[in-house]
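Participant: Input structure: upload22.txt, which contains compact mmCIF, C-alpha atoms.
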# COMPACT_ATOMS: atom_id res chain seq x y z
CA MET A 821 -12.08 1.51 -10.95
CA SER A 822 -9.43 -0.06 -8.70
CA PHE A 823 -6.40 1.03 -6.70
CA TYR A 824 -4.26 0.48 -9.80
CA GLN A 825 -5.51 3.79 -11.23
CA ASP A 826 -4.41 5.60 -8.06
CA TYR A 827 -1.14 3.70 -8.14
CA LEU A 828 -0.37 5.01 -11.64
CA THR A 829 -0.45 8.53 -10.21
CA TYR A 830 2.31 7.73 -7.72
CA LYS A 831 4.25 4.82 -9.25
CA ASP A 832 7.03 7.05 -10.64
CA ILE A 833 7.17 9.48 -7.74
CA ASP A 834 10.67 10.81 -7.07
CA ILE A 835 10.54 10.39 -3.32
CA GLU A 836 14.06 11.68 -2.72
CA ASN A 837 13.27 14.95 -4.51
CA PHE A 838 9.80 15.26 -2.96
CA ILE A 839 11.12 15.09 0.61
CA ALA A 840 14.37 16.96 0.00
CA ASN A 841 13.24 20.22 1.61
CA VAL A 842 11.28 18.84 4.56
CA ASN A 843 12.43 20.34 7.85
CA GLY A 844 12.04 19.50 11.52
CA ASP A 845 9.43 22.16 12.20
CA GLN A 846 7.18 20.67 9.51
CA VAL A 847 7.63 17.19 10.93
CA GLN A 848 6.74 18.30 14.46
CA ARG A 849 3.56 20.00 13.23
CA ILE A 850 2.55 16.94 11.22
CA ILE A 851 3.00 14.61 14.20
CA GLN A 852 0.34 16.56 16.13
CA LYS A 853 -2.17 16.97 13.28
CA PRO A 854 -5.49 15.17 13.88
CA VAL A 855 -5.72 14.07 10.22
CA LEU A 856 -2.81 13.56 7.82
CA ASN A 857 -2.84 13.90 4.05
CA LYS A 858 -0.68 11.85 1.71
CA SER A 859 2.16 14.37 1.68
CA ASP A 860 2.20 14.48 5.49
CA PHE A 861 2.53 10.70 5.56
CA LEU A 862 5.46 10.77 3.16
CA PHE A 863 7.15 13.51 5.18
CA LEU A 864 6.97 11.25 8.28
CA LEU A 865 8.87 8.63 6.28
CA SER A 866 11.61 11.14 5.37
CA PRO A 867 15.14 11.44 6.80
CA ALA A 868 14.01 14.72 8.35
CA ALA A 869 11.62 12.77 10.60
CA GLU A 870 14.32 10.45 11.98
CA PRO A 871 15.29 12.78 14.88
CA PHE A 872 11.61 12.82 15.90
CA ILE A 873 10.95 9.07 16.03
CA GLU A 874 10.48 9.26 19.81
CA GLU A 875 7.77 11.91 19.39
CA MET A 876 6.22 9.81 16.60
CA ALA A 877 6.28 6.77 18.89
CA GLN A 878 4.51 8.65 21.69
CA ARG A 879 1.83 9.88 19.32
CA ALA A 880 1.43 6.40 17.78
CA HIS A 881 1.06 4.88 21.26
CA LYS A 882 -1.70 7.31 22.24
CA ILE A 883 -3.60 6.70 19.00
CA SER A 884 -3.28 2.93 19.35
CA VAL A 885 -4.53 2.84 22.94
CA HIS A 886 -7.45 5.08 21.97
CA GLN A 887 -8.42 2.93 18.96
CA PHE A 888 -7.56 -0.58 20.13
CA GLY A 889 -6.92 -0.48 23.86
CA ARG A 890 -3.97 -2.37 25.35
CA THR A 891 -4.66 -5.58 23.48
CA ILE A 892 -2.70 -7.86 21.15
CA VAL A 893 -4.60 -10.45 19.11
CA LEU A 894 -2.66 -13.72 18.79
CA TYR A 895 -2.76 -16.08 15.82
CA THR A 896 -0.57 -18.73 14.26
CA PRO A 897 0.14 -19.88 10.70
CA MET A 898 -0.68 -23.40 9.51
CA TYR A 899 1.00 -24.49 6.28
CA LEU A 900 -1.16 -26.95 4.33
CA SER A 901 0.97 -27.34 1.19
CA ASN A 902 4.28 -26.19 -0.27
CA TYR A 903 3.70 -27.23 -3.89
CA CYS A 904 4.17 -24.18 -6.10
CA THR A 905 4.21 -23.29 -9.79
CA ASN A 906 5.74 -19.84 -9.30
CA GLN A 907 9.40 -18.91 -9.59
CA CYS A 908 9.67 -16.08 -7.07
CA VAL A 909 13.36 -15.46 -6.41
CA TYR A 910 12.86 -14.50 -2.73
CA CYS A 911 10.75 -17.53 -1.66
CA GLY A 912 11.75 -20.93 -0.32
CA PHE A 913 8.79 -22.55 -2.12
CA ASN A 914 10.10 -21.42 -5.55
CA ALA A 915 9.21 -24.17 -8.05
CA LYS A 916 12.88 -24.45 -9.06
CA ASN A 917 14.13 -25.05 -5.51
CA LYS A 918 15.01 -28.69 -4.85
CA ILE A 919 12.99 -29.17 -1.68
CA GLU A 920 10.71 -31.92 -0.44
CA ARG A 921 7.13 -31.12 -1.40
CA LYS A 922 4.20 -32.07 0.80
CA GLN A 923 0.48 -31.44 1.15
CA LEU A 924 -1.41 -32.44 4.28
CA THR A 925 -4.07 -35.08 4.03
CA LEU A 926 -7.37 -34.26 5.71
CA GLU A 927 -6.42 -36.55 8.59
CA GLU A 928 -3.14 -34.66 8.98
CA VAL A 929 -5.00 -31.33 8.86
CA GLU A 930 -7.09 -32.49 11.80
CA LEU A 931 -4.02 -33.54 13.77
CA GLU A 932 -2.40 -30.17 13.16
CA ALA A 933 -5.62 -28.35 14.05
CA ARG A 934 -5.87 -30.21 17.35
CA ALA A 935 -2.26 -29.35 18.19
CA VAL A 936 -2.81 -25.65 17.52
CA SER A 937 -6.19 -25.57 19.25
CA GLY A 938 -4.60 -27.14 22.31
CA THR A 939 -2.61 -23.93 22.83
CA GLY A 940 -5.84 -21.95 23.22
CA LEU A 941 -5.56 -20.01 19.96
CA LYS A 942 -8.79 -19.38 18.06
CA HIS A 943 -7.34 -17.40 15.13
CA ILE A 944 -5.48 -19.31 12.43
CA LEU A 945 -3.86 -18.38 9.13
CA ILE A 946 -3.73 -21.18 6.55
CA LEU A 947 -1.11 -21.02 3.81
CA THR A 948 -0.28 -22.85 0.60
CA GLY A 949 2.02 -22.40 -2.36
CA ASP A 950 0.56 -21.44 -5.71
CA ALA A 951 -0.40 -24.81 -7.19
CA LYS A 952 -4.08 -24.48 -7.86
CA ASN A 953 -4.46 -27.98 -9.29
CA ILE A 954 -3.06 -29.49 -6.08
CA ALA A 955 -4.11 -27.15 -3.25
CA SER A 956 -7.40 -26.60 -5.06
CA ILE A 957 -10.46 -24.65 -3.96
CA ASP A 958 -12.22 -27.97 -3.29
CA TYR A 959 -9.25 -29.18 -1.18
CA LEU A 960 -9.33 -25.94 0.80
CA LYS A 961 -13.08 -26.24 1.40
CA ASP A 962 -12.57 -29.78 2.70
CA CYS A 963 -9.90 -28.45 5.06
CA LEU A 964 -12.21 -25.67 6.21
CA LYS A 965 -14.85 -28.20 7.28
CA ILE A 966 -12.28 -29.56 9.71
CA LEU A 967 -10.77 -26.27 10.82
CA GLU A 968 -14.08 -24.59 11.65
CA LYS A 969 -14.53 -27.16 14.42
CA TYR A 970 -11.46 -25.74 16.18
CA PHE A 971 -11.17 -22.05 15.25
CA THR A 972 -13.51 -19.05 15.21
CA SER A 973 -11.42 -17.04 12.72
CA ILE A 974 -9.81 -18.63 9.66
CA SER A 975 -7.64 -16.48 7.43
CA ILE A 976 -6.08 -17.48 4.13
CA GLU A 977 -2.71 -16.57 2.63
CA ILE A 978 -2.81 -18.40 -0.69
CA TYR A 979 -2.69 -17.65 -4.42
CA ALA A 980 -4.78 -14.73 -5.73
CA LEU A 981 -8.37 -15.70 -6.62
CA GLU A 982 -11.27 -14.51 -8.69
CA THR A 983 -14.20 -12.86 -6.87
CA THR A 984 -16.38 -15.97 -7.24
CA GLU A 985 -13.63 -18.13 -5.72
CA TYR A 986 -13.25 -15.79 -2.75
CA ALA A 987 -17.03 -15.98 -2.34
CA GLU A 988 -16.84 -19.79 -2.28
CA LEU A 989 -14.27 -19.71 0.50
CA THR A 990 -16.04 -17.04 2.56
CA SER A 991 -19.20 -19.13 2.36
CA ALA A 992 -17.16 -22.12 3.54
CA GLY A 993 -15.85 -20.31 6.62
CA VAL A 994 -12.96 -18.02 5.64
CA ASP A 995 -13.35 -14.56 7.17
CA SER A 996 -9.98 -12.96 6.50
CA LEU A 997 -7.42 -12.58 3.70
CA THR A 998 -3.71 -11.87 3.91
CA ILE A 999 -2.08 -11.04 0.58
CA TYR A 1000 1.18 -9.17 0.01
CA GLN A 1001 1.97 -7.28 -3.16
CA GLU A 1002 5.60 -8.13 -2.27
CA THR A 1003 6.84 -4.99 -4.10
CA TYR A 1004 4.85 -2.07 -5.46
CA ASN A 1005 7.59 -1.33 -8.00
CA GLU A 1006 5.92 -2.82 -11.08
CA THR A 1007 9.16 -3.17 -13.05
CA LEU A 1008 10.95 -4.92 -10.18
CA TYR A 1009 7.88 -7.09 -9.56
CA ASP A 1010 8.29 -8.51 -13.07
CA GLU A 1011 11.99 -9.15 -12.46
CA VAL A 1012 11.60 -11.07 -9.18
CA HIS A 1013 8.61 -13.15 -10.34
CA LEU A 1014 10.25 -15.09 -13.12
CA LYS A 1015 7.41 -17.43 -14.05
CA GLY A 1016 4.02 -18.57 -12.84
CA PRO A 1017 0.55 -17.11 -12.19
CA LYS A 1018 1.90 -14.65 -9.63
CA LYS A 1019 3.76 -12.81 -12.39
CA ASP A 1020 0.54 -10.90 -13.17
CA TYR A 1021 1.09 -7.69 -11.19
CA ARG A 1022 -2.35 -6.19 -11.77
CA PHE A 1023 -4.23 -9.39 -10.90
CA ARG A 1024 -2.31 -9.55 -7.62
CA MET A 1025 -2.90 -5.89 -6.79
CA ASP A 1026 -6.65 -6.14 -7.38
CA ALA A 1027 -7.03 -9.29 -5.24
CA PRO A 1028 -7.92 -7.45 -1.99
CA GLU A 1029 -10.75 -5.67 -3.77
CA ARG A 1030 -12.09 -8.91 -5.22
CA ALA A 1031 -12.12 -10.36 -1.70
CA CYS A 1032 -13.99 -7.29 -0.44
CA GLU A 1033 -16.54 -7.70 -3.21
CA ALA A 1034 -16.98 -11.28 -1.96
CA HIS A 1035 -17.91 -9.87 1.49
CA ILE A 1036 -14.84 -10.97 3.40
CA ARG A 1037 -14.63 -9.53 6.92
CA SER A 1038 -10.96 -8.57 7.10
CA VAL A 1039 -8.05 -7.93 4.70
CA ASN A 1040 -4.34 -7.65 5.51
CA ILE A 1041 -1.89 -6.25 2.94
CA GLY A 1042 1.81 -5.44 2.84
CA ALA A 1043 5.10 -5.34 0.96
CA LEU A 1044 8.11 -7.59 1.56
CA LEU A 1045 10.68 -5.17 2.94
CA GLY A 1046 14.07 -5.77 1.38
CA LEU A 1047 13.14 -5.98 -2.28
CA TYR A 1048 13.11 -2.22 -2.93
CA ASP A 1049 13.43 1.18 -1.25
CA TRP A 1050 11.52 0.93 2.03
CA ARG A 1051 10.20 4.50 1.86
CA TYR A 1052 8.58 3.86 -1.51
CA GLU A 1053 7.12 0.52 -0.40
CA ALA A 1054 5.77 1.95 2.88
CA PHE A 1055 4.28 4.99 1.13
CA ILE A 1056 2.42 3.00 -1.54
CA THR A 1057 1.31 0.38 1.02
CA GLY A 1058 -0.19 3.18 3.12
CA LEU A 1059 -1.97 4.66 0.10
CA HIS A 1060 -3.32 1.21 -0.79
CA ALA A 1061 -4.69 0.73 2.73
CA GLU A 1062 -6.22 4.21 2.76
CA TYR A 1063 -7.91 3.57 -0.60
CA LEU A 1064 -9.35 0.25 0.60
CA GLN A 1065 -10.61 1.74 3.88
CA ASN A 1066 -12.38 4.54 2.04
CA LYS A 1067 -13.92 2.27 -0.60
CA TYR A 1068 -14.95 -0.59 1.72
CA PRO A 1069 -15.87 0.96 5.10
CA ASP A 1070 -17.50 -2.26 6.32
CA VAL A 1071 -14.25 -4.26 5.98
CA GLU A 1072 -11.53 -4.36 8.64
CA PHE A 1073 -8.07 -3.60 7.19
CA SER A 1074 -4.59 -4.20 8.51
CA ILE A 1075 -1.00 -3.91 7.33
CA SER A 1076 1.88 -6.33 7.81
CA LEU A 1077 5.50 -5.16 7.80
CA PRO A 1078 7.48 -8.31 6.92
CA ARG A 1079 11.24 -8.05 6.50
CA MET A 1080 13.03 -10.67 4.42
CA ARG A 1081 14.36 -13.70 6.28
CA PRO A 1082 16.74 -16.50 5.19
CA HIS A 1083 15.10 -19.17 3.00
CA ALA A 1084 15.91 -21.97 0.58
CA GLY A 1085 17.44 -20.47 -2.54
CA GLY A 1086 19.56 -17.87 -0.77
CA PHE A 1087 18.28 -14.68 -2.47
CA GLN A 1088 19.65 -11.72 -0.53
CA PRO A 1089 17.76 -8.47 0.18
CA GLU A 1090 18.64 -5.65 -2.20
CA VAL A 1091 17.86 -3.06 0.49
CA ILE A 1092 18.34 -3.38 4.24
CA THR A 1093 15.46 -2.13 6.38
CA SER A 1094 16.91 -1.51 9.83
CA ASP A 1095 15.08 -1.73 13.14
CA LYS A 1096 15.02 2.07 13.24
CA ASN A 1097 13.57 2.17 9.72
CA LEU A 1098 10.84 -0.31 10.68
CA VAL A 1099 9.89 1.72 13.74
CA GLN A 1100 9.65 4.85 11.58
CA ILE A 1101 7.41 3.03 9.10
CA MET A 1102 5.18 1.64 11.84
CA THR A 1103 4.71 4.89 13.71
CA ALA A 1104 4.11 6.86 10.50
CA MET A 1105 1.50 4.28 9.46
CA ARG A 1106 -0.27 4.53 12.79
CA ILE A 1107 -0.43 8.34 12.71
CA PHE A 1108 -1.61 8.35 9.07
CA LEU A 1109 -4.08 5.47 9.44
CA PRO A 1110 -5.37 5.38 13.05
CA ARG A 1111 -7.93 2.59 12.44
CA VAL A 1112 -5.70 0.21 10.49
CA GLY A 1113 -4.40 -2.86 12.32
CA ILE A 1114 -0.66 -3.55 12.29
CA THR A 1115 0.60 -7.15 12.27
CA ILE A 1116 4.13 -8.20 13.25
CA SER A 1117 5.06 -11.84 12.70
CA THR A 1118 7.74 -14.15 14.09
CA ARG A 1119 10.04 -13.03 11.29
CA GLU A 1120 11.16 -10.50 13.93
CA SER A 1121 13.14 -11.36 17.05
CA ALA A 1122 11.51 -11.79 20.45
CA ALA A 1123 13.31 -8.76 21.92
CA PHE A 1124 12.38 -6.49 19.02
CA ARG A 1125 8.74 -7.58 19.04
CA ASP A 1126 8.49 -6.91 22.77
CA ASN A 1127 10.00 -3.44 22.31
CA ILE A 1128 7.57 -2.35 19.59
CA ILE A 1129 4.29 -3.60 21.07
CA ARG A 1130 3.50 -0.13 22.44
CA LEU A 1131 4.09 1.59 19.09
CA GLY A 1132 0.96 0.51 17.29
CA VAL A 1133 1.03 -3.28 16.94
CA THR A 1134 -2.40 -4.91 17.16
CA LYS A 1135 -1.74 -8.50 16.11
CA MET A 1136 1.13 -10.98 16.50
CA SER A 1137 1.82 -14.58 15.59
CA ALA A 1138 2.98 -17.09 18.20
CA GLY A 1139 4.11 -20.71 18.27
CA SER A 1140 4.88 -20.41 14.56
CA THR A 1141 6.33 -22.80 12.00
CA THR A 1142 6.66 -22.30 8.23
CA VAL A 1143 6.93 -26.06 7.59
CA VAL A 1144 3.97 -28.04 6.23
CA GLY A 1145 2.67 -30.06 9.18
CA GLY A 1146 5.49 -28.63 11.28
CA ARG A 1147 3.78 -29.35 14.61
CA THR A 1148 2.74 -32.97 14.13
CA GLN A 1149 4.67 -34.43 11.17
CA ASP A 1150 8.25 -35.53 10.73
CA ALA A 1151 9.36 -32.17 9.42
CA GLY A 1152 11.52 -33.29 6.50
CA ASN A 1153 10.07 -30.68 4.16
CA THR A 1154 11.55 -27.20 3.93
CA GLY A 1155 9.95 -24.15 5.48
CA GLN A 1156 9.06 -21.10 3.44
CA PHE A 1157 11.56 -19.01 5.44
CA ASP A 1158 13.34 -19.10 8.80
CA ILE A 1159 11.48 -17.63 11.75
CA SER A 1160 13.25 -15.59 14.42
CA ASP A 1161 10.92 -15.59 17.44
CA HIS A 1162 10.51 -19.20 18.54
CA ARG A 1163 8.47 -18.54 21.68
CA SER A 1164 5.49 -20.74 22.45
CA VAL A 1165 1.99 -19.35 22.80
CA ASP A 1166 2.29 -19.47 26.61
CA GLU A 1167 5.61 -17.62 26.50
CA MET A 1168 4.17 -14.97 24.20
CA MET A 1169 1.14 -14.57 26.43
CA LEU A 1170 3.37 -14.05 29.48
CA SER A 1171 5.53 -11.46 27.72
CA ILE A 1172 2.52 -9.49 26.53
CA ARG A 1173 1.04 -9.42 30.03
CA GLU A 1174 4.35 -8.33 31.55
CA LEU A 1175 4.28 -5.35 29.18
CA GLY A 1176 0.87 -4.34 30.51
CA TYR A 1177 -1.13 -5.60 27.54
CA GLN A 1178 -3.85 -8.22 27.23
CA PRO A 1179 -3.28 -11.19 24.91
CA VAL A 1180 -6.49 -11.88 22.98
CA PHE A 1181 -7.18 -15.40 21.73
CA LYS A 1182 -10.57 -14.66 20.24
CA ASP A 1183 -12.15 -11.42 19.03
CA TRP A 1184 -14.51 -12.80 16.40
CA GLN A 1185 -17.39 -15.26 16.45
CA PRO A 1186 -19.02 -16.20 13.11
CA VAL A 1187 -22.78 -16.01 13.00
Render the structure in this file as structure tokens.
Facilitator:
Amino acid sequence: MSFYQDYLTYKDIDIENFIANVNGDQVQRIIQKPVLNKSDFLFLLSPAAEPFIEEMAQRAHKISVHQFGRTIVLYTPMYLSNYCTNQCVYCGFNAKNKIERKQLTLEEVELEARAVSGTGLKHILILTGDAKNIASIDYLKDCLKILEKYFTSISIEIYALETTEYAELTSAGVDSLTIYQETYNETLYDEVHLKGPKKDYRFRMDAPERACEAHIRSVNIGALLGLYDWRYEAFITGLHAEYLQNKYPDVEFSISLPRMRPHAGGFQPEVITSDKNLVQIMTAMRIFLPRVGITISTRESAAFRDNIIRLGVTKMSAGSTTVVGGRTQDAGNTGQFDISDHRSVDEMMLSIRELGYQPVFKDWQPV
């Protein structure tokens, strides 16, 4: 049994028809409910809820302060390799894109680790393309031996693995997984993943559960906003997170809300998710799932990120680059996508404090 069985129940939901008769009185009652059901959550994503986003924001703020305090955990991505065998139309690392390919040597990994560690950060997210014969499990374990000298929390955002492979990496020091389904529309998923291992929708969807079975500490999921209707993507993402929380109560879960950014290849979003839409998604998520973390990356602008901190955000990236070795190498290779918030770790820390929140560099110490 996996989330896929639950997904089949909702995959063809006619959201427009389901929310057609929602009214403001219903929305206001839902906002104040102590526990929401799935229909309540969908109603908060409806057009009828748009006039009540301020009330949703106030409720989301209260829940967040109660559950997480006034804290923002900081992390940064470190790209180890951009070799890829997939042909994902929305990604700069697409195997068909004519970009310079690079993978860090172990010496270069150490240089990059020192540069990041020098900012004070203790949480790092390592990323690769999907080229398992190049950025192999053994290569990653060699990198982990270096990285664990500098960081207390090491998260991976790589190709989907088998349970035994996740177990290998958790034993080697990985404590967290980030993996996006990209789109929960199974038909569209097949259309935007032209070739490569990532084309297997079900294998991708079940990856978080395989990581949980391998006793990982934390899992972060999400959909890439811009590929399909944002209400559908947000609704199924929320159901996926709820399912995982209920099935694996000893694992910490979070949701990312990434919007598409410019990248090599030039694929344009099919659907625009506005700032207002993103705020509605975030506040609805917080009210529906009080204990789930919410991550906002440097895909978003500095001003927007500052404005939404109070609405339920628990984790943010800082000092980011999407280029392999982007901090210490001659950055001739292409990044996965363009970032929007270019602030340094110190600048992020200052902004967070000015907003009355505490920047957290470390909230986990491996045994």
Participant: Which of these residues is nearest to Asn841 in chain A, using all atoms listed in the file: A:Ala1104, A:Val1012, A:Ala869, A:Val1144?
Facilitator: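 Ranked by minimum distance to Asn841 in chain A, first place goes to A:Ala869.
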Participant: Figure out the distance between CA of Pro1179 in chain A and CA of Asp1166 in chain A, please, to one decimal in Å.
Facilitator: 10.1 Å
Participant: Which residue is closest to Ser1038 in chain A? Choose from A:Phe1124, A:Leu964, A:Phe1073, A:His1162 and count all atoms listed in the file.
Facilitator: A:Phe1073
Participant: Which of these, A:Phe888, A:Ser937, A:Cys1032, A:Phe971, has the shortest distance to Thr984 in chain A once you count all atoms listed in the file?
Facilitator: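 Checking each of A:Phe888, A:Ser937, A:Cys1032, A:Phe971 against Thr984 in chain A, counting all atoms listed in the file, the winner is A:Cys1032.
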Participant: How many Å lie between CA of Asp832 in chain A and CA of Arg1051 in chain A, rounded to one decimal?
Facilitator: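 Rounded to one decimal, the two atoms are 13.1 Å apart.
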Participant: Leaving out Lys969 in chain A and any residue of its chain fewer than 6 positions from it, which residues lie within 12 Å of it when counting all atoms listed in the file, given as an mmCIF file with C-alpha atoms, keeping the file's coordinate frame?
Facilitator:
data_model
loop_
_atom_site.group_PDB
_atom_site.id
_atom_site.type_symbol
_atom_site.label_atom_id
_atom_site.label_comp_id
_atom_site.auth_asym_id
_atom_site.auth_seq_id
_atom_site.Cartn_x
_atom_site.Cartn_y
_atom_site.Cartn_z
ATOM 1 C CA VAL A 929 -5.000 -31.330 8.860
ATOM 2 C CA GLU A 930 -7.090 -32.490 11.800
ATOM 3 C CA ALA A 933 -5.620 -28.350 14.050
ATOM 4 C CA ARG A 934 -5.870 -30.210 17.350
ATOM 5 C CA SER A 937 -6.190 -25.570 19.250
ATOM 6 C CA LYS A 942 -8.790 -19.380 18.060
ATOM 7 C CA CYS A 963 -9.900 -28.450 5.060
ATOM 8 C CA GLY A 993 -15.850 -20.310 6.620
ATOM 9 C CA PRO A 1186 -19.020 -16.200 13.110
#
Participant: Of the residues A:Leu1044, A:Ile1128, A:Leu1064, A:Ala951, which is the one nearest to Asn914 in chain A, using all atoms listed in the file?
Facilitator: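 Result for the nearest residue to Asn914 in chain A: A:Ala951.
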Participant: Using only C-alpha atoms, which of A:Arg1119, A:His1060, A:Gly1046, A:Ser1076 sits nearest Gln825 in chain A?
Facilitator: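 The shortest atom-to-atom distance to Gln825 in chain A comes from A:His1060.
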Participant: If you measure from CA of Gln848 in chain A to CA of Met876 in chain A, what distance in Å do you get, rounded to one decimal?
Facilitator: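 Separating CA of Gln848 in chain A from CA of Met876 in chain A is a distance of 8.8 Å.
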Participant: Rank A:Leu945, A:Gly889, A:Glu1033, A:Met821 by their smallest atom-to-atom distance to Gly1176 in chain A, using all atoms listed in the file, and report the top residue only.
Facilitator: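 Using all atoms listed in the file, Gly1176 in chain A sits closest to A:Gly889.
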Participant: Excluding Thr998 in chain A and its own-chain neighbours fewer than 4 positions away, which residues fall within 10 Å of it when counting all atoms listed in the file? Please give them as a PyMOL selection string.
Facilitator: chain A and resi 945-947+975-978+1028+1038-1042+1073-1076
Participant: If you count only C-alpha atoms, which residues fall within 12 Å of Ala1123 in chain A, apart from same-chain ones fewer than 5 positions away, as number ranges by chain?
Facilitator: A: 1095, 1118, 1128-1129, 1160-1163, 1168, 1171-1172
Participant: Skipping near chain neighbours, those fewer than 6 positions away, what residues fall within 7 Å of Ile1036 in chain A using only C-alpha atoms, listed as a list in words?
Facilitator: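 Here the qualifying residues turn out to be Thr990, Asp995 and Ser996 of chain A.
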Participant: Skipping near chain neighbours, those fewer than 3 positions away, what residues fall within 7 Å of Thr1115 in chain A using all atoms listed in the file, listed as JSON, numbers by chain?
Facilitator: {"A": [1075, 1076, 1077, 1133, 1134, 1135, 1136]}
Participant: Using 5 Å of padding on each side, determine the axis-aligned box around all atoms of range 1036-1051 of chain A present in the file and give its centre and edge lengths in Å to one decimal, as AutoDock Vina command-line options.
Facilitator:
--center_x -0.4 --center_y -3.2 --center_z 2.1 --size_x 38.9 --size_y 25.5 --size_z 20.0
Participant: Taking (-7.7, -31.0, -2.2) in the file's own coordinates, collect the residues within 12 Å, counting all atoms listed in the file, and hand them back as JSON, numbers by chain.
Facilitator: {"A": [900, 901, 923, 924, 925, 926, 929, 948, 951, 952, 953, 954, 955, 956, 957, 958, 959, 960, 961, 962, 963, 964]}
Participant: Find the nearest atom pair between each residue of range 1024-1073 of chain A and range 1087-1092 of chain A for residues within 12 Å, count only C-alpha atoms, give distances in Å to one decimal, sort rows by chain and ascending number, and present the table as JSON lines.
Facilitator:
{"residue": "A:Leu1044", "atom": "CA", "partner": "A:Pro1089", "partner_atom": "CA", "distance": 9.8}
{"residue": "A:Leu1045", "atom": "CA", "partner": "A:Val1091", "partner_atom": "CA", "distance": 7.9}
{"residue": "A:Gly1046", "atom": "CA", "partner": "A:Pro1089", "partner_atom": "CA", "distance": 4.7}
{"residue": "A:Leu1047", "atom": "CA", "partner": "A:Glu1090", "partner_atom": "CA", "distance": 5.5}
{"residue": "A:Tyr1048", "atom": "CA", "partner": "A:Val1091", "partner_atom": "CA", "distance": 5.9}
{"residue": "A:Asp1049", "atom": "CA", "partner": "A:Val1091", "partner_atom": "CA", "distance": 6.4}
{"residue": "A:Trp1050", "atom": "CA", "partner": "A:Val1091", "partner_atom": "CA", "distance": 7.6}
{"residue": "A:Arg1051", "atom": "CA", "partner": "A:Val1091", "partner_atom": "CA", "distance": 10.8}
{"residue": "A:Tyr1052", "atom": "CA", "partner": "A:Val1091", "partner_atom": "CA", "distance": 11.7}
{"residue": "A:Glu1053", "atom": "CA", "partner": "A:Val1091", "partner_atom": "CA", "distance": 11.4}
